[in-house]
>>> print(open('input-v2.tsv').read())   # TSV, C-alpha atoms
chain	number	residue	atom	x	y	z
A	1	MET	CA	-91.36	-18.29	26.41
A	2	PRO	CA	-89.01	-15.51	25.30
A	3	HIS	CA	-86.12	-14.81	27.64
A	4	HIS	CA	-86.21	-11.01	27.86
A	5	GLY	CA	-86.18	-10.57	24.11
A	6	TYR	CA	-84.67	-13.91	23.15
A	7	MET	CA	-86.40	-17.04	21.87
A	8	THR	CA	-83.61	-19.19	23.25
A	9	LYS	CA	-81.85	-19.65	26.58
A	10	THR	CA	-78.46	-19.30	24.90
A	11	LEU	CA	-77.02	-16.03	26.13
A	12	PRO	CA	-75.05	-13.68	23.84
A	13	PHE	CA	-72.06	-13.76	26.18
A	14	THR	CA	-70.94	-14.78	29.66
A	15	ARG	CA	-68.88	-13.02	32.30
A	16	ALA	CA	-65.80	-14.87	31.06
A	17	ASP	CA	-66.30	-13.29	27.63
A	18	LEU	CA	-66.00	-9.81	29.13
A	19	ALA	CA	-62.24	-10.32	29.40
A	20	ARG	CA	-61.93	-9.99	25.61
A	21	ALA	CA	-64.47	-7.19	25.22
A	22	LYS	CA	-63.75	-3.55	24.49
A	23	THR	CA	-65.05	-1.84	27.61
A	24	LYS	CA	-65.60	1.81	28.56
A	25	LEU	CA	-66.65	2.84	32.03
A	26	LEU	CA	-69.76	5.02	31.90
A	27	ARG	CA	-70.57	5.38	35.59
A	28	ASP	CA	-68.98	4.01	38.72
A	29	GLY	CA	-71.84	5.15	40.92
A	30	ARG	CA	-72.24	4.97	44.66
A	31	ILE	CA	-71.68	1.87	46.72
A	32	ALA	CA	-75.29	0.63	46.40
A	33	ASN	CA	-75.38	1.21	42.62
A	34	ALA	CA	-74.06	-0.89	39.80
A	35	VAL	CA	-70.90	-0.13	37.86
A	36	VAL	CA	-72.16	0.79	34.38
A	37	SER	CA	-70.02	0.12	31.30
A	38	ARG	CA	-70.30	0.22	27.52
A	39	VAL	CA	-69.21	-3.16	26.19
A	40	GLU	CA	-68.45	-4.09	22.57
A	41	LEU	CA	-68.40	-7.82	21.90
A	42	ASP	CA	-68.86	-9.88	18.73
A	43	GLY	CA	-70.16	-6.94	16.75
A	44	MET	CA	-72.76	-5.95	19.35
A	45	VAL	CA	-72.73	-3.06	21.81
A	46	TRP	CA	-74.21	-3.43	25.28
A	47	THR	CA	-74.70	-1.49	28.48
A	48	VAL	CA	-73.58	-3.72	31.35
A	49	LYS	CA	-74.70	-3.06	34.92
A	50	ASP	CA	-72.49	-4.97	37.31
A	51	PHE	CA	-72.60	-5.26	41.10
A	52	SER	CA	-69.82	-7.86	41.37
A	53	SER	CA	-67.30	-5.36	42.80
A	54	ARG	CA	-69.69	-4.08	45.46
A	55	PRO	CA	-69.61	-5.25	49.11
A	56	TRP	CA	-71.23	-8.59	49.86
A	57	TYR	CA	-74.17	-6.98	51.68
A	58	VAL	CA	-75.01	-5.06	48.47
A	59	ARG	CA	-74.40	-8.01	46.13
A	60	TYR	CA	-76.72	-10.30	48.06
A	61	THR	CA	-79.49	-7.89	49.10
A	62	VAL	CA	-80.02	-4.78	46.97
A	63	ALA	CA	-78.46	-6.06	43.74
A	64	PRO	CA	-80.71	-9.09	43.09
A	65	PHE	CA	-83.83	-6.98	43.66
A	66	LEU	CA	-82.73	-4.13	41.38
A	67	LEU	CA	-81.51	-6.40	38.58
A	68	ARG	CA	-84.60	-8.59	38.67
A	69	ARG	CA	-86.91	-5.58	38.63
A	70	GLU	CA	-85.13	-3.86	35.74
A	71	LEU	CA	-85.15	-7.01	33.61
A	72	SER	CA	-88.83	-7.51	34.37
A	73	ILE	CA	-89.61	-3.92	33.33
A	74	LEU	CA	-87.62	-4.23	30.10
A	75	ALA	CA	-89.42	-7.47	29.29
A	76	ARG	CA	-92.77	-5.68	29.66
A	77	LEU	CA	-91.59	-2.96	27.29
A	78	HIS	CA	-90.04	-5.27	24.70
A	79	GLY	CA	-90.80	-4.23	21.13
A	80	ILE	CA	-91.40	-0.53	21.82
A	81	ASP	CA	-89.39	1.75	19.56
A	82	GLY	CA	-87.22	3.87	21.83
A	83	ILE	CA	-86.62	1.16	24.45
A	84	ALA	CA	-83.67	-1.25	24.47
A	85	GLU	CA	-84.37	-4.19	22.16
A	86	GLN	CA	-82.57	-6.88	24.15
A	87	SER	CA	-81.66	-7.54	27.77
A	88	PHE	CA	-80.49	-10.52	29.76
A	89	ARG	CA	-78.91	-11.58	33.04
A	90	ILE	CA	-75.19	-12.28	32.75
A	91	ASP	CA	-75.03	-13.87	36.19
A	92	SER	CA	-76.26	-13.21	39.73
A	93	PHE	CA	-74.57	-9.82	39.87
A	94	ALA	CA	-74.92	-8.30	36.38
A	95	ILE	CA	-77.24	-7.67	33.46
A	96	ALA	CA	-76.66	-6.55	29.88
A	97	VAL	CA	-78.96	-4.25	27.90
A	98	SER	CA	-78.71	-3.22	24.26
A	99	PHE	CA	-76.71	0.01	24.10
A	100	MET	CA	-78.69	2.94	22.71
A	101	GLU	CA	-76.67	4.96	20.21
A	102	GLY	CA	-77.10	8.70	20.38
A	103	ALA	CA	-76.84	11.26	23.17
A	104	ASN	CA	-79.01	12.44	25.99
A	105	ILE	CA	-81.19	15.47	25.39
A	106	GLY	CA	-78.85	17.73	27.34
A	107	GLN	CA	-75.91	16.91	25.06
A	108	VAL	CA	-77.41	17.66	21.65
A	109	PRO	CA	-77.91	21.03	19.91
A	110	ARG	CA	-81.18	22.64	20.93
A	111	SER	CA	-82.23	22.65	17.28
A	112	MET	CA	-82.55	18.85	17.43
A	113	VAL	CA	-85.25	19.05	20.11
A	114	THR	CA	-88.05	19.93	17.71
A	115	PRO	CA	-91.82	19.91	18.31
A	116	ALA	CA	-91.93	16.64	16.35
A	117	TYR	CA	-89.33	15.12	18.68
A	118	LEU	CA	-91.24	16.26	21.77
A	119	GLU	CA	-94.54	14.92	20.43
A	120	ALA	CA	-92.85	11.59	19.76
A	121	PHE	CA	-91.42	11.61	23.29
A	122	GLU	CA	-94.90	12.13	24.73
A	123	LYS	CA	-96.17	9.18	22.67
A	124	LEU	CA	-93.28	7.04	23.90
A	125	LEU	CA	-94.23	7.75	27.51
A	126	GLN	CA	-97.89	7.04	26.78
A	127	THR	CA	-97.02	3.71	25.15
A	128	MET	CA	-94.90	2.79	28.17
A	129	HIS	CA	-97.76	3.70	30.51
A	130	ARG	CA	-100.18	1.50	28.57
A	131	ARG	CA	-97.81	-1.41	29.27
A	132	GLY	CA	-98.18	-0.65	32.99
A	133	VAL	CA	-94.77	0.93	33.56
A	134	VAL	CA	-93.68	4.30	34.93
A	135	HIS	CA	-90.06	5.41	34.53
A	136	LEU	CA	-89.94	7.99	37.35
A	137	ASP	CA	-86.65	9.60	36.27
A	138	VAL	CA	-87.35	11.59	33.09
A	139	ARG	CA	-87.64	15.11	34.48
A	140	GLY	CA	-83.89	15.55	34.05
A	141	ALA	CA	-81.84	15.06	30.89
A	142	GLY	CA	-79.70	12.00	31.58
A	143	ASN	CA	-82.18	9.24	30.72
A	144	VAL	CA	-83.96	10.96	27.83
A	145	MET	CA	-82.16	10.13	24.59
A	146	VAL	CA	-81.99	11.57	21.12
A	147	GLN	CA	-81.14	8.45	19.15
A	148	SER	CA	-78.82	8.48	16.15
A	149	ASP	CA	-81.92	8.62	13.89
A	150	GLY	CA	-83.27	11.63	15.80
A	151	LYS	CA	-86.05	9.72	17.54
A	152	PRO	CA	-86.57	9.82	21.32
A	153	GLY	CA	-85.44	6.99	23.56
A	154	LEU	CA	-85.44	6.07	27.23
A	155	ILE	CA	-82.67	4.38	29.20
A	156	ASP	CA	-81.98	3.28	32.78
A	157	PHE	CA	-85.10	1.70	34.24
A	158	GLN	CA	-83.64	1.05	37.67
A	159	ALA	CA	-86.14	3.38	39.37
A	160	SER	CA	-89.10	2.23	37.28
A	161	LEU	CA	-92.18	0.53	38.66
A	162	TYR	CA	-94.92	-1.77	37.41
A	163	THR	CA	-98.26	-0.06	38.05
A	164	GLY	CA	-100.72	-2.86	37.32
A	165	TRP	CA	-101.30	-3.60	41.00
A	166	MET	CA	-101.72	0.05	42.04
A	167	PRO	CA	-104.97	1.86	42.79
A	168	HIS	CA	-106.13	4.05	39.93
A	169	TRP	CA	-105.34	7.34	41.68
A	170	LEU	CA	-101.74	6.35	42.44
A	171	ARG	CA	-101.10	5.04	38.94
A	172	ASN	CA	-102.43	8.30	37.48
A	173	LEU	CA	-100.27	10.32	39.85
A	174	LEU	CA	-97.06	8.51	38.89
A	175	GLU	CA	-97.89	8.70	35.18
A	176	ASP	CA	-98.44	12.45	35.62
A	177	PHE	CA	-94.97	12.78	37.13
A	178	ASP	CA	-93.54	11.05	34.05
A	179	MET	CA	-95.51	13.28	31.68
A	180	SER	CA	-94.32	16.37	33.53
A	181	GLY	CA	-90.85	15.41	32.32
A	182	ALA	CA	-92.00	15.80	28.73
A	183	LEU	CA	-93.88	19.01	29.52
A	184	LYS	CA	-90.80	20.50	31.21
A	185	LYS	CA	-88.88	19.88	28.02
A	186	TRP	CA	-91.56	21.61	25.95
A	187	LEU	CA	-91.20	24.61	28.26
A	188	LYS	CA	-87.42	24.60	27.98
A	189	TYR	CA	-86.92	23.87	24.27
A	190	GLN	CA	-90.15	24.84	22.47
A	191	PRO	CA	-92.17	27.20	24.69
A	192	GLU	CA	-93.76	28.99	21.72
A	193	ALA	CA	-95.00	25.69	20.27
A	194	MET	CA	-96.08	24.24	23.61
A	195	GLY	CA	-99.63	25.55	23.51
A	196	GLU	CA	-101.97	26.55	26.31
A	197	ALA	CA	-103.22	23.03	27.03
A	198	ARG	CA	-99.72	21.71	27.78
A	199	GLN	CA	-98.91	24.76	29.90
A	200	GLN	CA	-102.03	24.23	31.98
A	201	GLU	CA	-101.28	20.53	32.35
A	202	LEU	CA	-97.76	21.23	33.60
A	203	GLU	CA	-99.13	23.76	36.09
A	204	ARG	CA	-101.69	21.20	37.29
A	205	ILE	CA	-99.04	18.52	37.82
A	206	ASN	CA	-96.69	20.95	39.55
A	207	ARG	CA	-99.46	21.72	42.05
A	208	LEU	CA	-99.29	18.05	43.07
A	209	ARG	CA	-95.84	18.59	44.61
A	210	ARG	CA	-97.33	17.95	48.04
A	211	PHE	CA	-97.44	14.27	47.06
A	212	TRP	CA	-93.66	14.25	46.81
A	213	ILE	CA	-93.70	13.13	50.42
A	214	PHE	CA	-93.57	9.70	48.69
A	215	ARG	CA	-90.50	10.52	46.63
A	216	GLY	CA	-88.12	8.55	48.85
A	217	TYR	CA	-90.09	5.36	48.16
A	218	PHE	CA	-90.97	5.89	44.53
A	219	GLY	CA	-87.68	7.43	43.44
A	220	LEU	CA	-89.29	10.79	42.62
A	221	LYS	CA	-87.20	13.93	42.53
A	222	LYS	CA	-88.05	17.54	43.29
A	223	ASP	CA	-86.51	19.06	40.15
>>> encode(input="input-v2.tsv", output="C-alpha cells")
Amino acid sequence: MPHHGYMTKTLPFTRADLARAKTKLLRDGRIANAVVSRVELDGMVWTVKDFSSRPWYVRYTVAPFLLRRELSILARLHGIDGIAEQSFRIDSFAIAVSFMEGANIGQVPRSMVTPAYLEAFEKLLQTMHRRGVVHLDVRGAGNVMVQSDGKPGLIDFQASLYTGWMPHWLRNLLEDFDMSGALKKWLKYQPEAMGEARQQELERINRLRRFWIFRGYFGLKKD
C-alpha cells in the first residue's frame, strides 16, 4: 500500500539529513505545538513539524496523536489539487509535508482574490468534504493559500477531523463551519459578486454560533 503518497517505504530523508539542509524557522509555537520549519533538501522543499525539542510529557502524549492524525488526514486527501502532494513521518517526533509555494490569502494583493479563485476555493472544500475530512481552521487567512499558479490551497491540518464516523447532523454542521470560511472571504473580497444565495447561506451558518459550545473540542474559533 502507498505510504502517505509513496509507493515505497524508502523515506526521502531522515533526521540525520536535516543537519545538511537549508532550514528556515516558520513558527516556534507554544509548548504543546510543533516547531514548524521550511526545509530545502536534495532539490525538494518541505514543511517539517517537529516536537523533538518539546518537554517529554508533550513528546510522548500529545505529539504522537497529533502527528498520526495529520498524516492520516493527508493520506485521505492525497491527489487533490490544492493539498500537499507528499507527507511522511521522519521519526516518532516529526513529520514532513510538501511545502506549498505561494502566500496566504492575507498576504497577496486583493486583486488576486477573484471570483474565479473563490469559486475554486469552494470546490476545494467540497472535494475535501467528500473525502470525509473537515479542516476547521479556514475562517482566518493563515491556512488558506494562493499558490504560485494562482490556485487556492490549504495547509496545516493539525485541527482537522475525519467525519466518516459522525452522525449526519454533526458532519453537516462541521462542513458548514468550513464553508463559512469561504463565504466570509466572498464577503470581504468580492461582496458585489457574492450573490444573494451565498449571503443567505453565510447568515444561516452564522446563526448556528450557539453550537460553538463545542469549539474547545473541535478546534472551532469564534472569528
>>> residues_around(input="input-v2.tsv", residues="Asp81 of chain A", least_positions_apart="2", cutoff="9 Å", atoms="only C-alpha atoms", output="list in words")
His78, Gly79, Ile83, Ala84, Glu85, Leu124, Lys151, Pro152 and Gly153 of chain A
>>> residues_around(input="input-v2.tsv", residues="Gly150 of chain A", least_positions_apart="2", cutoff="8 Å", atoms="only C-alpha atoms", output="list in words")
Met112, Tyr117, Val146, Gln147, Ser148 and Pro152 of chain A
>>> closest_residue(input="input-v2.tsv", among="A:Ile95, A:Ala16, A:Glu70, A:Val62", to="Asp50 of chain A", atoms="all atoms listed in the file")
A:Ile95
>>> atom_distance(input="input-v2.tsv", atom1="atom CA of Asp137 of chain A", atom2="atom CA of Tyr60 of chain A")
25.2 Å
>>> axis_aligned_box(input="input-v2.tsv", around="segment 135-153 of chain A", padding_each_side="6 Å", output="AutoDock Vina command-line options")
--center_x -84.4 --center_y 10.5 --center_z 25.6 --size_x 23.2 --size_y 22.1 --size_z 35.5
>>> residues_around(input="input-v2.tsv", residues="segment 90-94 of chain A", least_positions_apart="3", cutoff="7 Å", atoms="all atoms listed in the file", output="short mmCIF file (atom, residue, chain, number, x, y, z; two decimals) with C-alpha atoms, keeping the file's coordinate frame")
data_model
loop_
_atom_site.label_atom_id
_atom_site.label_comp_id
_atom_site.auth_asym_id
_atom_site.auth_seq_id
_atom_site.Cartn_x
_atom_site.Cartn_y
_atom_site.Cartn_z
CA THR A 14 -70.94 -14.78 29.66
CA ARG A 15 -68.88 -13.02 32.30
CA VAL A 48 -73.58 -3.72 31.35
CA LYS A 49 -74.70 -3.06 34.92
CA ASP A 50 -72.49 -4.97 37.31
CA PHE A 51 -72.60 -5.26 41.10
CA SER A 52 -69.82 -7.86 41.37
CA ARG A 59 -74.40 -8.01 46.13
CA ALA A 63 -78.46 -6.06 43.74
CA PRO A 64 -80.71 -9.09 43.09
#
>>> closest_atom_pairs(input="input-v2.tsv", of="segment 93-134 of chain A", to="segment 174-179 of chain A", cutoff="8 Å", atoms="only C-alpha atoms", output="Markdown table")
| residue | atom | partner | partner_atom | distance |
| --- | --- | --- | --- | --- |
| A:Glu122 | CA | A:Met179 | CA | 7.1 |
| A:Leu125 | CA | A:Met179 | CA | 7.0 |
| A:His129 | CA | A:Glu175 | CA | 6.8 |
| A:Val134 | CA | A:Glu175 | CA | 6.1 |
>>> closest_residue(input="input-v2.tsv", among="A:Ile73, A:Ala197, A:Arg68, A:Val138", to="Thr163 of chain A", atoms="all atoms listed in the file")
A:Ile73
>>> closest_residue(input="input-v2.tsv", among="A:His135, A:Arg89, A:Lys184, A:Arg20", to="Gln200 of chain A", atoms="all atoms listed in the file")
A:Lys184
>>> closest_residue(input="input-v2.tsv", among="A:Arg110, A:Arg69, A:His168, A:Arg130", to="Trp186 of chain A", atoms="all atoms listed in the file")
A:Arg110
>>> closest_residue(input="input-v2.tsv", among="A:Leu18, A:Leu208, A:Leu118, A:Met128", to="Ala193 of chain A", atoms="all atoms listed in the file")
A:Leu118
>>> closest_residue(input="input-v2.tsv", among="A:Ala182, A:Leu66, A:Arg171, A:Lys24", to="Ala120 of chain A", atoms="only C-alpha atoms")
A:Ala182
>>> closest_atom_pairs(input="input-v2.tsv", of="segment 73-152 of chain A", to="segment 31-45 of chain A", cutoff="9 Å", atoms="all atoms listed in the file", output="tab-separated table")
residue	atom	partner	partner_atom	distance
A:Phe93	CA	A:Ala34	CA	8.9
A:Ala94	CA	A:Ala34	CA	8.2
A:Ala96	CA	A:Val39	CA	9.0
A:Val97	CA	A:Val45	CA	8.8
A:Ser98	CA	A:Val45	CA	6.5
A:Phe99	CA	A:Val45	CA	5.5
A:Met100	CA	A:Val45	CA	8.5
>>> build_atoms(input="input-v2.tsv", residues="segment 13-24 of chain A", atoms="all heavy atoms", output="PDB file, in the frame of the given file")
ATOM      1  N   PHE A  13     -73.404 -13.628  25.629  1.00  0.00           N
ATOM      2  CA  PHE A  13     -72.060 -13.760  26.180  1.00  0.00           C
ATOM      3  C   PHE A  13     -72.148 -14.054  27.667  1.00  0.00           C
ATOM      4  O   PHE A  13     -73.208 -13.899  28.291  1.00  0.00           O
ATOM      5  CB  PHE A  13     -71.202 -12.516  25.910  1.00  0.00           C
ATOM      6  CG  PHE A  13     -71.705 -11.249  26.561  1.00  0.00           C
ATOM      7  CD1 PHE A  13     -71.345 -10.920  27.861  1.00  0.00           C
ATOM      8  CD2 PHE A  13     -72.518 -10.370  25.859  1.00  0.00           C
ATOM      9  CE1 PHE A  13     -71.796  -9.760  28.459  1.00  0.00           C
ATOM     10  CE2 PHE A  13     -72.975  -9.197  26.451  1.00  0.00           C
ATOM     11  CZ  PHE A  13     -72.612  -8.888  27.752  1.00  0.00           C
ATOM     12  N   THR A  14     -71.042 -14.473  28.236  1.00  0.00           N
ATOM     13  CA  THR A  14     -70.940 -14.780  29.660  1.00  0.00           C
ATOM     14  C   THR A  14     -69.967 -13.799  30.313  1.00  0.00           C
ATOM     15  O   THR A  14     -69.306 -13.012  29.632  1.00  0.00           O
ATOM     16  CB  THR A  14     -70.436 -16.206  29.879  1.00  0.00           C
ATOM     17  OG1 THR A  14     -69.082 -16.299  29.401  1.00  0.00           O
ATOM     18  CG2 THR A  14     -71.300 -17.222  29.123  1.00  0.00           C
ATOM     19  N   ARG A  15     -69.845 -13.886  31.615  1.00  0.00           N
ATOM     20  CA  ARG A  15     -68.880 -13.020  32.300  1.00  0.00           C
ATOM     21  C   ARG A  15     -67.458 -13.307  31.814  1.00  0.00           C
ATOM     22  O   ARG A  15     -66.647 -12.376  31.665  1.00  0.00           O
ATOM     23  CB  ARG A  15     -68.967 -13.205  33.814  1.00  0.00           C
ATOM     24  CG  ARG A  15     -67.975 -12.320  34.574  1.00  0.00           C
ATOM     25  CD  ARG A  15     -68.190 -12.367  36.075  1.00  0.00           C
ATOM     26  NE  ARG A  15     -69.447 -11.748  36.471  1.00  0.00           N
ATOM     27  CZ  ARG A  15     -69.603 -10.435  36.638  1.00  0.00           C
ATOM     28  NH1 ARG A  15     -68.596  -9.605  36.403  1.00  0.00           N
ATOM     29  NH2 ARG A  15     -70.763  -9.948  37.045  1.00  0.00           N
ATOM     30  N   ALA A  16     -67.149 -14.551  31.546  1.00  0.00           N
ATOM     31  CA  ALA A  16     -65.800 -14.870  31.060  1.00  0.00           C
ATOM     32  C   ALA A  16     -65.494 -14.164  29.750  1.00  0.00           C
ATOM     33  O   ALA A  16     -64.352 -13.778  29.488  1.00  0.00           O
ATOM     34  CB  ALA A  16     -65.661 -16.388  30.890  1.00  0.00           C
ATOM     35  N   ASP A  17     -66.504 -13.966  28.909  1.00  0.00           N
ATOM     36  CA  ASP A  17     -66.300 -13.290  27.630  1.00  0.00           C
ATOM     37  C   ASP A  17     -65.935 -11.819  27.795  1.00  0.00           C
ATOM     38  O   ASP A  17     -65.354 -11.206  26.885  1.00  0.00           O
ATOM     39  CB  ASP A  17     -67.567 -13.383  26.769  1.00  0.00           C
ATOM     40  CG  ASP A  17     -67.877 -14.797  26.332  1.00  0.00           C
ATOM     41  OD1 ASP A  17     -66.924 -15.539  26.012  1.00  0.00           O
ATOM     42  OD2 ASP A  17     -69.072 -15.160  26.318  1.00  0.00           O
ATOM     43  N   LEU A  18     -66.285 -11.231  28.923  1.00  0.00           N
ATOM     44  CA  LEU A  18     -66.000  -9.810  29.130  1.00  0.00           C
ATOM     45  C   LEU A  18     -64.505  -9.512  29.118  1.00  0.00           C
ATOM     46  O   LEU A  18     -64.088  -8.384  28.834  1.00  0.00           O
ATOM     47  CB  LEU A  18     -66.612  -9.337  30.445  1.00  0.00           C
ATOM     48  CG  LEU A  18     -68.145  -9.293  30.502  1.00  0.00           C
ATOM     49  CD1 LEU A  18     -68.614  -8.941  31.905  1.00  0.00           C
ATOM     50  CD2 LEU A  18     -68.681  -8.281  29.494  1.00  0.00           C
ATOM     51  N   ALA A  19     -63.688 -10.519  29.387  1.00  0.00           N
ATOM     52  CA  ALA A  19     -62.240 -10.320  29.400  1.00  0.00           C
ATOM     53  C   ALA A  19     -61.701  -9.927  28.027  1.00  0.00           C
ATOM     54  O   ALA A  19     -60.663  -9.262  27.932  1.00  0.00           O
ATOM     55  CB  ALA A  19     -61.536 -11.591  29.900  1.00  0.00           C
ATOM     56  N   ARG A  20     -62.394 -10.329  26.960  1.00  0.00           N
ATOM     57  CA  ARG A  20     -61.930  -9.990  25.610  1.00  0.00           C
ATOM     58  C   ARG A  20     -62.730  -8.850  24.981  1.00  0.00           C
ATOM     59  O   ARG A  20     -62.527  -8.508  23.819  1.00  0.00           O
ATOM     60  CB  ARG A  20     -62.003 -11.229  24.706  1.00  0.00           C
ATOM     61  CG  ARG A  20     -63.394 -11.824  24.551  1.00  0.00           C
ATOM     62  CD  ARG A  20     -63.372 -13.091  23.686  1.00  0.00           C
ATOM     63  NE  ARG A  20     -64.682 -13.719  23.600  1.00  0.00           N
ATOM     64  CZ  ARG A  20     -65.629 -13.384  22.730  1.00  0.00           C
ATOM     65  NH1 ARG A  20     -65.389 -12.404  21.848  1.00  0.00           N
ATOM     66  NH2 ARG A  20     -66.796 -14.009  22.718  1.00  0.00           N
ATOM     67  N   ALA A  21     -63.620  -8.254  25.751  1.00  0.00           N
ATOM     68  CA  ALA A  21     -64.470  -7.190  25.220  1.00  0.00           C
ATOM     69  C   ALA A  21     -63.779  -5.836  25.316  1.00  0.00           C
ATOM     70  O   ALA A  21     -62.930  -5.601  26.186  1.00  0.00           O
ATOM     71  CB  ALA A  21     -65.787  -7.148  25.996  1.00  0.00           C
ATOM     72  N   LYS A  22     -64.162  -4.946  24.408  1.00  0.00           N
ATOM     73  CA  LYS A  22     -63.750  -3.550  24.490  1.00  0.00           C
ATOM     74  C   LYS A  22     -64.724  -2.855  25.438  1.00  0.00           C
ATOM     75  O   LYS A  22     -65.922  -2.793  25.170  1.00  0.00           O
ATOM     76  CB  LYS A  22     -63.785  -2.890  23.112  1.00  0.00           C
ATOM     77  CG  LYS A  22     -63.349  -1.444  23.108  1.00  0.00           C
ATOM     78  CD  LYS A  22     -63.395  -0.863  21.698  1.00  0.00           C
ATOM     79  CE  LYS A  22     -62.989   0.617  21.709  1.00  0.00           C
ATOM     80  NZ  LYS A  22     -63.059   1.208  20.338  1.00  0.00           N
ATOM     81  N   THR A  23     -64.198  -2.344  26.549  1.00  0.00           N
ATOM     82  CA  THR A  23     -65.050  -1.840  27.610  1.00  0.00           C
ATOM     83  C   THR A  23     -64.715  -0.392  27.946  1.00  0.00           C
ATOM     84  O   THR A  23     -63.544  -0.017  28.026  1.00  0.00           O
ATOM     85  CB  THR A  23     -64.895  -2.707  28.882  1.00  0.00           C
ATOM     86  OG1 THR A  23     -65.210  -4.062  28.562  1.00  0.00           O
ATOM     87  CG2 THR A  23     -65.826  -2.229  29.983  1.00  0.00           C
ATOM     88  N   LYS A  24     -65.763   0.413  28.142  1.00  0.00           N
ATOM     89  CA  LYS A  24     -65.600   1.810  28.560  1.00  0.00           C
ATOM     90  C   LYS A  24     -66.491   2.059  29.763  1.00  0.00           C
ATOM     91  O   LYS A  24     -67.697   1.826  29.714  1.00  0.00           O
ATOM     92  CB  LYS A  24     -65.991   2.757  27.414  1.00  0.00           C
ATOM     93  CG  LYS A  24     -65.911   4.233  27.791  1.00  0.00           C
ATOM     94  CD  LYS A  24     -66.373   5.115  26.647  1.00  0.00           C
ATOM     95  CE  LYS A  24     -66.332   6.591  27.042  1.00  0.00           C
ATOM     96  NZ  LYS A  24     -66.809   7.475  25.924  1.00  0.00           N
TER      97      LYS A  24
END
